[in-house]
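Novice: Please find protein.cif (mmCIF, C-alpha atoms) on the next line:
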data_work
loop_
_atom_site.group_PDB
_atom_site.id
_atom_site.type_symbol
_atom_site.label_atom_id
_atom_site.label_comp_id
_atom_site.auth_asym_id
_atom_site.auth_seq_id
_atom_site.Cartn_x
_atom_site.Cartn_y
_atom_site.Cartn_z
ATOM 1 C CA MET A 1 -8.170 -8.555 47.107
ATOM 2 C CA HIS A 2 -10.357 -10.753 44.905
ATOM 3 C CA THR A 3 -13.273 -9.504 42.846
ATOM 4 C CA GLY A 4 -14.436 -12.859 41.482
ATOM 5 C CA ILE A 5 -13.779 -11.593 37.962
ATOM 6 C CA LYS A 6 -10.789 -13.661 36.863
ATOM 7 C CA PRO A 7 -9.141 -11.238 34.382
ATOM 8 C CA LEU A 8 -9.472 -8.392 36.878
ATOM 9 C CA ASP A 9 -8.049 -10.556 39.666
ATOM 10 C CA ILE A 10 -5.068 -11.426 37.449
ATOM 11 C CA LEU A 11 -4.568 -7.736 36.685
ATOM 12 C CA LEU A 12 -4.667 -6.798 40.374
ATOM 13 C CA GLU A 13 -2.300 -9.608 41.295
ATOM 14 C CA ARG A 14 0.191 -9.477 38.413
ATOM 15 C CA GLY A 15 -0.518 -6.261 36.540
ATOM 16 C CA PHE A 16 2.547 -4.506 37.922
ATOM 17 C CA GLN A 17 4.747 -7.423 36.784
ATOM 18 C CA PHE A 18 3.252 -7.163 33.298
ATOM 19 C CA PHE A 19 3.892 -3.421 33.325
ATOM 20 C CA LEU A 20 7.522 -3.791 34.422
ATOM 21 C CA PHE A 21 8.223 -6.431 31.777
ATOM 22 C CA ASP A 22 6.851 -4.371 28.879
ATOM 23 C CA PHE A 23 8.222 -1.089 30.201
ATOM 24 C CA ASN A 24 11.719 -2.538 30.585
ATOM 25 C CA ARG A 25 11.582 -3.956 27.050
ATOM 26 C CA TYR A 26 10.677 -0.535 25.743
ATOM 27 C CA LEU A 27 13.208 1.281 27.929
ATOM 28 C CA VAL A 28 16.150 -0.959 27.008
ATOM 29 C CA ALA A 29 15.398 -0.852 23.268
ATOM 30 C CA ALA A 30 14.906 2.928 23.224
ATOM 31 C CA LEU A 31 18.050 3.535 25.300
ATOM 32 C CA LEU A 32 20.130 1.182 23.164
ATOM 33 C CA VAL A 33 19.098 2.755 19.860
ATOM 34 C CA SER A 34 19.414 6.260 21.351
ATOM 35 C CA ALA A 35 22.964 5.422 22.463
ATOM 36 C CA ILE A 36 23.825 4.237 18.956
ATOM 37 C CA VAL A 37 22.420 7.452 17.487
ATOM 38 C CA TRP A 38 24.344 9.511 20.062
ATOM 39 C CA GLY A 39 27.554 7.797 18.948
ATOM 40 C CA MET A 40 26.760 8.262 15.253
ATOM 41 C CA ARG A 41 26.318 11.999 15.763
ATOM 42 C CA ARG A 42 29.951 12.186 16.878
ATOM 43 C CA THR A 43 31.456 10.383 13.885
ATOM 44 C CA THR A 44 31.391 10.649 10.114
ATOM 45 C CA LEU A 45 28.104 8.732 10.311
ATOM 46 C CA ALA A 46 26.451 12.002 11.375
ATOM 47 C CA SER A 47 25.645 12.424 7.674
ATOM 48 C CA ARG A 48 23.101 9.628 8.069
ATOM 49 C CA ARG A 49 20.651 11.935 9.808
ATOM 50 C CA ILE A 50 17.534 11.595 7.674
ATOM 51 C CA GLN A 51 15.770 14.911 8.330
ATOM 52 C CA GLN A 52 17.023 18.444 8.692
ATOM 53 C CA ARG A 53 14.552 19.029 11.479
ATOM 54 C CA GLU A 54 15.667 18.037 14.975
ATOM 55 C CA ALA A 55 13.293 16.508 17.496
ATOM 56 C CA THR A 56 12.975 18.612 20.643
ATOM 57 C CA TRP A 57 13.096 17.493 24.258
ATOM 58 C CA GLY A 58 9.387 18.226 24.325
ATOM 59 C CA ASP A 59 8.923 15.714 21.501
ATOM 60 C CA ARG A 60 10.876 13.093 23.427
ATOM 61 C CA ARG A 61 8.952 13.760 26.614
ATOM 62 C CA ARG A 62 5.621 13.369 24.800
ATOM 63 C CA GLU A 63 6.809 10.162 23.106
ATOM 64 C CA PHE A 64 7.968 8.697 26.416
ATOM 65 C CA LEU A 65 4.761 9.538 28.320
ATOM 66 C CA GLN A 66 2.560 8.193 25.530
ATOM 67 C CA SER A 67 4.660 5.029 25.448
ATOM 68 C CA VAL A 68 4.166 4.553 29.201
ATOM 69 C CA GLN A 69 0.441 4.925 28.583
ATOM 70 C CA SER A 70 0.648 2.216 25.894
ATOM 71 C CA VAL A 71 2.505 -0.104 28.266
ATOM 72 C CA MET A 72 -0.395 0.289 30.711
ATOM 73 C CA VAL A 73 -2.779 -0.823 27.979
ATOM 74 C CA TYR A 74 -0.533 -3.807 27.225
ATOM 75 C CA SER A 75 -0.627 -4.758 30.912
ATOM 76 C CA VAL A 76 -4.426 -4.884 30.862
ATOM 77 C CA VAL A 77 -4.436 -6.938 27.663
ATOM 78 C CA GLY A 78 -1.769 -9.190 29.188
ATOM 79 C CA ALA A 79 -4.107 -10.031 32.059
ATOM 80 C CA PHE A 80 -6.808 -11.079 29.614
ATOM 81 C CA VAL A 81 -4.274 -13.116 27.612
ATOM 82 C CA LEU A 82 -3.167 -14.996 30.730
ATOM 83 C CA TRP A 83 -6.781 -15.605 31.666
ATOM 84 C CA GLY A 84 -7.445 -16.887 28.147
ATOM 85 C CA VAL A 85 -4.482 -19.274 28.337
ATOM 86 C CA GLU A 86 -5.432 -20.558 31.787
ATOM 87 C CA SER A 87 -9.049 -21.074 30.757
ATOM 88 C CA GLY A 88 -8.078 -22.887 27.561
ATOM 89 C CA VAL A 89 -9.503 -20.262 25.210
ATOM 90 C CA LEU A 90 -6.007 -19.368 23.960
ATOM 91 C CA HIS A 91 -3.220 -21.792 23.080
ATOM 92 C CA ARG A 92 0.278 -22.017 24.507
ATOM 93 C CA PHE A 93 3.058 -24.598 24.363
ATOM 94 C CA GLU A 94 5.348 -24.810 27.366
ATOM 95 C CA ARG A 95 8.424 -25.258 25.165
ATOM 96 C CA ALA A 96 9.537 -25.901 21.607
ATOM 97 C CA ASP A 97 10.411 -29.549 20.922
ATOM 98 C CA SER A 98 13.235 -28.661 18.532
ATOM 99 C CA TRP A 99 15.202 -25.742 17.110
ATOM 100 C CA LEU A 100 13.362 -26.282 13.822
ATOM 101 C CA GLN A 101 10.010 -25.781 15.551
ATOM 102 C CA TYR A 102 11.331 -22.758 17.456
ATOM 103 C CA LEU A 103 12.708 -21.057 14.331
ATOM 104 C CA GLY A 104 9.693 -21.942 12.203
ATOM 105 C CA LEU A 105 7.172 -20.595 14.704
ATOM 106 C CA THR A 106 9.230 -17.448 15.288
ATOM 107 C CA ALA A 107 9.429 -16.764 11.547
ATOM 108 C CA ALA A 108 5.700 -17.423 11.150
ATOM 109 C CA MET A 109 4.883 -15.046 13.993
ATOM 110 C CA VAL A 110 7.048 -12.277 12.515
ATOM 111 C CA LEU A 111 5.420 -12.713 9.089
ATOM 112 C CA ALA A 112 1.920 -12.737 10.581
ATOM 113 C CA HIS A 113 2.618 -9.640 12.675
ATOM 114 C CA ASP A 114 4.007 -7.765 9.669
ATOM 115 C CA THR A 115 0.778 -8.506 7.789
ATOM 116 C CA TYR A 116 -1.383 -7.529 10.758
ATOM 117 C CA PHE A 117 0.593 -4.328 11.281
ATOM 118 C CA TYR A 118 0.422 -3.252 7.629
ATOM 119 C CA TRP A 119 -3.341 -3.581 7.364
ATOM 120 C CA ALA A 120 -4.117 -2.259 10.845
ATOM 121 C CA HIS A 121 -1.777 0.689 10.268
ATOM 122 C CA ARG A 122 -3.242 1.445 6.865
ATOM 123 C CA THR A 123 -6.789 1.172 8.209
ATOM 124 C CA MET A 124 -6.013 3.653 11.006
ATOM 125 C CA HIS A 125 -4.995 6.164 8.334
ATOM 126 C CA HIS A 126 -8.582 6.278 7.075
ATOM 127 C CA ARG A 127 -9.859 9.820 7.509
ATOM 128 C CA LYS A 128 -12.709 8.666 9.759
ATOM 129 C CA LEU A 129 -10.371 6.756 12.082
ATOM 130 C CA PHE A 130 -7.130 8.698 12.004
ATOM 131 C CA ARG A 131 -7.905 11.358 14.607
ATOM 132 C CA VAL A 132 -9.006 8.857 17.262
ATOM 133 C CA PHE A 133 -6.495 6.075 16.592
ATOM 134 C CA HIS A 134 -3.311 7.320 14.960
ATOM 135 C CA ARG A 135 -2.987 11.083 15.190
ATOM 136 C CA ALA A 136 -1.097 10.911 18.492
ATOM 137 C CA HIS A 137 1.673 8.846 16.930
ATOM 138 C CA HIS A 138 2.002 11.217 13.969
ATOM 139 C CA ARG A 139 2.661 14.140 16.244
ATOM 140 C CA SER A 140 6.223 12.813 15.961
ATOM 141 C CA ILE A 141 7.106 14.380 12.616
ATOM 142 C CA THR A 142 10.777 13.760 13.354
ATOM 143 C CA PRO A 143 10.544 10.571 15.409
ATOM 144 C CA THR A 144 13.070 9.338 17.948
ATOM 145 C CA PRO A 145 13.513 5.837 19.428
ATOM 146 C CA TRP A 146 11.231 6.940 22.277
ATOM 147 C CA ALA A 147 8.313 6.984 19.795
ATOM 148 C CA ALA A 148 8.328 3.181 19.510
ATOM 149 C CA TYR A 149 5.183 2.821 21.638
ATOM 150 C CA SER A 150 3.952 6.414 21.401
ATOM 151 C CA PHE A 151 0.288 5.622 20.752
ATOM 152 C CA ALA A 152 -3.120 6.843 21.767
ATOM 153 C CA ILE A 153 -5.026 4.332 23.900
ATOM 154 C CA PRO A 154 -7.187 3.045 20.990
ATOM 155 C CA GLU A 155 -4.117 2.423 18.814
ATOM 156 C CA ALA A 156 -2.261 0.731 21.670
ATOM 157 C CA LEU A 157 -5.232 -1.599 22.056
ATOM 158 C CA VAL A 158 -5.218 -2.419 18.328
ATOM 159 C CA MET A 159 -1.486 -3.153 18.471
ATOM 160 C CA ALA A 160 -1.876 -5.346 21.569
ATOM 161 C CA LEU A 161 -4.715 -7.418 20.098
ATOM 162 C CA PHE A 162 -2.336 -9.229 17.760
ATOM 163 C CA VAL A 163 -1.150 -11.495 20.597
ATOM 164 C CA PRO A 164 -4.556 -12.904 21.643
ATOM 165 C CA LEU A 165 -5.575 -13.244 17.990
ATOM 166 C CA TRP A 166 -2.381 -15.189 17.274
ATOM 167 C CA LEU A 167 -2.720 -17.397 20.367
ATOM 168 C CA ALA A 168 -6.331 -18.141 19.485
ATOM 169 C CA ILE A 169 -5.030 -19.890 16.365
ATOM 170 C CA VAL A 170 -1.436 -21.002 16.937
ATOM 171 C CA PRO A 171 -0.069 -22.847 20.019
ATOM 172 C CA THR A 172 3.131 -20.933 20.778
ATOM 173 C CA PRO A 173 5.968 -21.705 23.216
ATOM 174 C CA GLY A 174 6.901 -19.005 25.692
ATOM 175 C CA SER A 175 10.414 -18.874 24.204
ATOM 176 C CA VAL A 176 8.982 -17.997 20.778
ATOM 177 C CA MET A 177 6.740 -15.319 22.268
ATOM 178 C CA LEU A 178 9.664 -13.784 24.168
ATOM 179 C CA THR A 179 11.883 -13.773 21.070
ATOM 180 C CA TRP A 180 9.182 -12.058 19.051
ATOM 181 C CA LEU A 181 8.544 -9.461 21.765
ATOM 182 C CA LEU A 182 12.241 -8.538 21.916
ATOM 183 C CA PHE A 183 12.572 -8.505 18.122
ATOM 184 C CA GLN A 184 9.447 -6.396 17.703
ATOM 185 C CA ILE A 185 10.435 -3.615 20.092
ATOM 186 C CA THR A 186 14.019 -3.508 18.811
ATOM 187 C CA ARG A 187 12.917 -3.142 15.188
ATOM 188 C CA ASN A 188 10.317 -0.589 16.253
ATOM 189 C CA ALA A 189 12.905 1.575 18.013
ATOM 190 C CA MET A 190 15.240 1.265 15.004
ATOM 191 C CA GLY A 191 12.468 2.404 12.672
ATOM 192 C CA HIS A 192 12.105 5.626 14.671
ATOM 193 C CA ALA A 193 15.830 6.282 15.136
ATOM 194 C CA GLY A 194 16.030 9.296 12.804
ATOM 195 C CA PHE A 195 19.415 8.047 11.557
ATOM 196 C CA GLU A 196 19.835 5.344 8.928
ATOM 197 C CA LEU A 197 21.264 2.303 10.706
ATOM 198 C CA HIS A 198 21.564 -0.053 7.730
ATOM 199 C CA PRO A 199 24.587 -0.308 5.389
ATOM 200 C CA ARG A 200 24.488 1.467 2.030
ATOM 201 C CA TRP A 201 24.316 -1.819 0.096
ATOM 202 C CA TRP A 202 21.102 -2.877 1.894
ATOM 203 C CA LEU A 203 18.778 -2.195 -1.050
ATOM 204 C CA SER A 204 21.214 -3.543 -3.638
ATOM 205 C CA THR A 205 20.987 -7.233 -2.798
ATOM 206 C CA PRO A 206 17.959 -9.564 -2.967
ATOM 207 C CA PHE A 207 18.945 -10.956 0.440
ATOM 208 C CA THR A 208 18.145 -7.732 2.313
ATOM 209 C CA SER A 209 16.317 -5.314 0.000
ATOM 210 C CA TRP A 210 12.919 -6.552 1.259
ATOM 211 C CA ILE A 211 13.743 -5.764 4.908
ATOM 212 C CA ASN A 212 12.642 -2.341 6.119
ATOM 213 C CA THR A 213 15.141 0.389 6.946
ATOM 214 C CA THR A 214 14.922 3.436 9.187
ATOM 215 C CA THR A 215 14.541 5.652 6.108
ATOM 216 C CA HIS A 216 11.498 3.646 5.021
ATOM 217 C CA HIS A 217 9.515 4.456 8.161
ATOM 218 C CA ASP A 218 10.972 7.940 8.586
ATOM 219 C CA LEU A 219 9.533 8.901 5.201
ATOM 220 C CA HIS A 220 6.120 7.891 6.511
ATOM 221 C CA HIS A 221 6.447 10.362 9.386
ATOM 222 C CA ALA A 222 8.072 13.143 7.354
ATOM 223 C CA GLY A 223 5.208 13.852 4.981
ATOM 224 C CA GLY A 224 4.922 10.516 3.129
ATOM 225 C CA PHE A 225 1.658 10.112 4.975
ATOM 226 C CA ASN A 226 -0.063 7.579 2.707
ATOM 227 C CA THR A 227 3.017 5.470 2.019
ATOM 228 C CA ASN A 228 5.318 3.000 3.788
ATOM 229 C CA TYR A 229 2.897 1.320 6.163
ATOM 230 C CA GLY A 230 5.010 -1.834 6.697
ATOM 231 C CA LEU A 231 6.881 -2.661 9.889
ATOM 232 C CA TYR A 232 9.518 -5.322 9.178
ATOM 233 C CA PHE A 233 9.330 -5.848 5.424
ATOM 234 C CA THR A 234 8.514 -3.916 2.258
ATOM 235 C CA TRP A 235 6.483 -6.711 0.637
ATOM 236 C CA TRP A 236 3.018 -5.371 1.357
ATOM 237 C CA ASP A 237 3.930 -1.816 0.381
ATOM 238 C CA LYS A 238 5.339 -3.022 -2.942
ATOM 239 C CA LEU A 239 2.388 -5.347 -3.590
ATOM 240 C CA MET A 240 -0.246 -2.733 -2.762
ATOM 241 C CA GLY A 241 1.552 0.187 -4.429
ATOM 242 C CA THR A 242 2.020 2.131 -1.199
ATOM 243 C CA GLU A 243 5.806 2.393 -1.138
ATOM 244 C CA HIS A 244 7.149 5.955 -1.210
ATOM 245 C CA PRO A 245 8.338 6.686 -4.788
ATOM 246 C CA LYS A 246 11.555 8.267 -3.510
ATOM 247 C CA TYR A 247 12.408 5.607 -0.942
ATOM 248 C CA ALA A 248 15.392 4.084 -2.766
ATOM 249 C CA GLU A 249 16.639 7.508 -3.857
ATOM 250 C CA THR A 250 16.418 8.894 -0.328
ATOM 251 C CA PHE A 251 18.097 5.856 1.190
ATOM 252 C CA ALA A 252 20.979 6.143 -1.305
ATOM 253 C CA ARG A 253 21.362 9.843 -0.551
ATOM 254 C CA VAL A 254 21.306 9.385 3.218
ATOM 255 C CA THR A 255 23.835 6.533 3.158
ATOM 256 C CA GLY A 256 26.050 8.057 0.466
ATOM 257 C CA GLY A 257 28.288 9.974 2.881
ATOM 258 C CA LYS A 258 27.769 13.290 1.098
ATOM 259 C CA GLY A 259 27.334 15.270 4.303
ATOM 260 C CA SER A 260 24.248 15.950 6.341
ATOM 261 C CA SER A 261 23.320 19.122 4.457
ATOM 262 C CA GLU A 262 22.939 17.174 1.230
ATOM 263 C CA ALA A 263 21.780 13.878 2.658
ATOM 264 C CA ALA A 264 18.986 15.156 4.851
ATOM 265 C CA LEU A 265 15.441 15.374 3.586
ATOM 266 C CA ALA A 266 13.680 18.629 2.997
ATOM 267 C CA GLU A 267 11.904 20.063 5.997
ATOM 268 C CA PRO A 268 9.005 17.669 6.618
ATOM 269 C CA ALA A 269 5.413 18.764 6.290
ATOM 270 C CA THR A 270 2.831 18.047 8.941
ATOM 271 C CA ALA A 271 0.281 15.375 8.075
#
Output the structure of this file as structure tokens.
Specialist:
Amino acid sequence: MHTGIKPLDILLERGFQFFLFDFNRYLVAALLVSAIVWGMRRTTLASRRIQQREATWGDRRREFLQSVQSVMVYSVVGAFVLWGVESGVLHRFERADSWLQYLGLTAAMVLAHDTYFYWAHRTMHHRKLFRVFHRAHHRSITPTPWAAYSFAIPEALVMALFVPLWLAIVPTPGSVMLTWLLFQITRNAMGHAGFELHPRWWLSTPFTSWINTTTHHDLHHAGGFNTNYGLYFTWWDKLMGTEHPKYAETFARVTGGKGSSEAALAEPATA
């Protein structure tokens, strides 16, 4: 079936492939992090549970269904991206000419996405935008890995727009795009794990202290509503004064092995 509208024709022809690709990325990342959390619960690492509150199966079901909805949005945007590439509006390299180019472009894409995410995320917290864009995601007060893509349709669209904006400016090999997509969903699932996955020395060394932890994003969900907007790094939160004042203290408590009753946060408040 052809409509004569190229993006729609691409969606009809390849939309299901786009959906399967993004859904499988999400499913594998969420299952992998959930399996790690399941194992941690059965060891001494159970003390790394960040909140006292437990997510319910209803929470997980809502997170999963909203994530499937987001993947549908990504499939539609993917059709427009492919149309843009084929029509020459968006850039794409077929391959990286060297490992240096591959690593450099991957690093640049991660840095650009972290900046985009911080400001888009912070903007969606504006009181006039929050209900439409971001409220659905914050229904996860105690998030799980299944919340990685748990967005309302408008927020999913905002998150998906990074790719065409990036490709409008930077020619990017498919290998770089794939690496970023896998990195992004893995870090996203880790940020919603509910258990601290990073070693206790993480904030004590300049080599890692600027990389986000699970505690960093969990505080954002658990009542630290106007703090910790970053995705991969803490740079923007530190620069703009939006880092939670008890982030380092909470991380030290959660990773200190003092037992879950002491390490867990107080019961979170709804936003």
Novice: Please determine, counting all atoms listed in the file, which residue among A:Arg53, A:His2, A:His217, A:Arg60 has the shortest atom-to-atom distance to Met190 in chain A.
Specialist: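 Checking each candidate against Met190 in chain A, we get A:His217 as the closest.
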Novice: Please determine the residues with any atom at most 7 Å from (10.2, 6.3, 18.8) (coordinates as given in the file, with only C-alpha atoms counting) and report them as a VMD selection string.
Specialist: chain A and resid 63 143 to 150 189 192 to 193
Novice: Go through A:Ser75, A:Ser47, A:Gln69, A:Thr214 one by one, measure the shortest atom-to-atom distance of each to Phe21 in chain A using all atoms listed in the file, and give the residue with the smallest value.
Specialist: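 Nearest candidate to Phe21 in chain A out of A:Ser75, A:Ser47, A:Gln69, A:Thr214: A:Ser75.
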Novice: With the file shown as input, list the residues that the PyMOL selection byres ((chain A and resi 114-122) around 12) selects, as JSON, numbers by chain.
Specialist: {"A": [107, 108, 109, 110, 111, 112, 113, 123, 124, 125, 126, 127, 129, 130, 133, 134, 135, 137, 138, 151, 154, 155, 156, 157, 158, 159, 160, 161, 162, 163, 165, 166, 180, 184, 187, 188, 211, 212, 217, 220, 225, 226, 227, 228, 229, 230, 231, 232, 233, 234, 235, 236, 237, 238, 239, 240, 242, 243]}
Novice: So that I can check the surroundings of Val71 in chain A, please list as a PyMOL selection string every protein, DNA and RNA residue that reaches within 9 Å of it, counting all atoms listed in the file and ignoring chain neighbours fewer than 4 positions away.
Specialist: chain A and resi 18-20+22-23+26+66-67+75-76+149+156
Novice: Please indicate the distance in Å from CA of Leu12 in chain A to CA of Val89 in chain A, rounded to one decimal place.
Specialist: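 So the two atoms, CA of Leu12 in chain A and CA of Val89 in chain A, lie 20.8 Å apart.
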Novice: Record the distance separating CA of Thr250 in chain A and CA of Thr43 in chain A, expressed in Å with one decimal.
Specialist: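 Interatomic distance here is 20.7 Å.
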Novice: For CA of Arg253 in chain A and CA of Ala35 in chain A, determine how far apart the two atoms are, in Å to one decimal place.
Specialist: 23.5 Å
Novice: I'd like to know which of A:Ala79, A:Ala152, A:Gly224, A:Phe93 is closest to Arg131 in chain A, using only C-alpha atoms.
Specialist: A:Ala152
Novice: Might I get the box with edges along x, y and z of the file that holds all atoms of range 200-209 of chain A listed there, padded by 8 Å on every side, given as centre and edge lengths in Å to one decimal, as JSON?
Specialist:
{"center_x": 20.4, "center_y": -4.7, "center_z": -0.7, "size_x": 24.2, "size_y": 28.4, "size_z": 22.0}
Novice: Exactly which residues make up the result of the PyMOL selection byres ((chain A and resi 90) around 12) on this file, given as a list in words?
Specialist: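 Checked against the file, the PyMOL selection byres ((chain A and resi 90) around 12) matches Phe80, Val81, Leu82, Trp83, Gly84, Val85, Glu86, Ser87, Gly88, Val89, His91, Arg92, Phe93, Val163, Pro164, Leu165, Trp166, Leu167, Ala168, Ile169, Val170, Pro171 and Thr172 of chain A.
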Novice: Rank nothing, just name the residue among A:Leu65, A:Ile36, A:Leu31, A:Met177 nearest to Leu103 in chain A, using only C-alpha atoms.
Specialist: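 Result for the nearest residue to Leu103 in chain A: A:Met177.
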Novice: Could you check the closest approach to Lys246 in chain A for each of A:His216, A:His221, A:Glu54, A:Gly194 and tell me which residue wins, using only C-alpha atoms?
Specialist: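 Checking each candidate against Lys246 in chain A, we get A:His216 as the closest.
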Novice: Please write the residues picked by the PyMOL selection byres ((chain A and resi 203) around 12) on this file as a tab-separated table (two decimals) with C-alpha atoms, in the frame of the given file.
Specialist:
chain	number	residue	atom	x	y	z
A	198	HIS	CA	21.56	-0.05	7.73
A	199	PRO	CA	24.59	-0.31	5.39
A	200	ARG	CA	24.49	1.47	2.03
A	201	TRP	CA	24.32	-1.82	0.10
A	202	TRP	CA	21.10	-2.88	1.89
A	204	SER	CA	21.21	-3.54	-3.64
A	205	THR	CA	20.99	-7.23	-2.80
A	206	PRO	CA	17.96	-9.56	-2.97
A	207	PHE	CA	18.94	-10.96	0.44
A	208	THR	CA	18.14	-7.73	2.31
A	209	SER	CA	16.32	-5.31	0.00
A	210	TRP	CA	12.92	-6.55	1.26
A	211	ILE	CA	13.74	-5.76	4.91
A	212	ASN	CA	12.64	-2.34	6.12
A	213	THR	CA	15.14	0.39	6.95
A	215	THR	CA	14.54	5.65	6.11
A	216	HIS	CA	11.50	3.65	5.02
A	234	THR	CA	8.51	-3.92	2.26
A	247	TYR	CA	12.41	5.61	-0.94
A	248	ALA	CA	15.39	4.08	-2.77
A	249	GLU	CA	16.64	7.51	-3.86
A	250	THR	CA	16.42	8.89	-0.33
A	251	PHE	CA	18.10	5.86	1.19
A	252	ALA	CA	20.98	6.14	-1.30
A	255	THR	CA	23.84	6.53	3.16
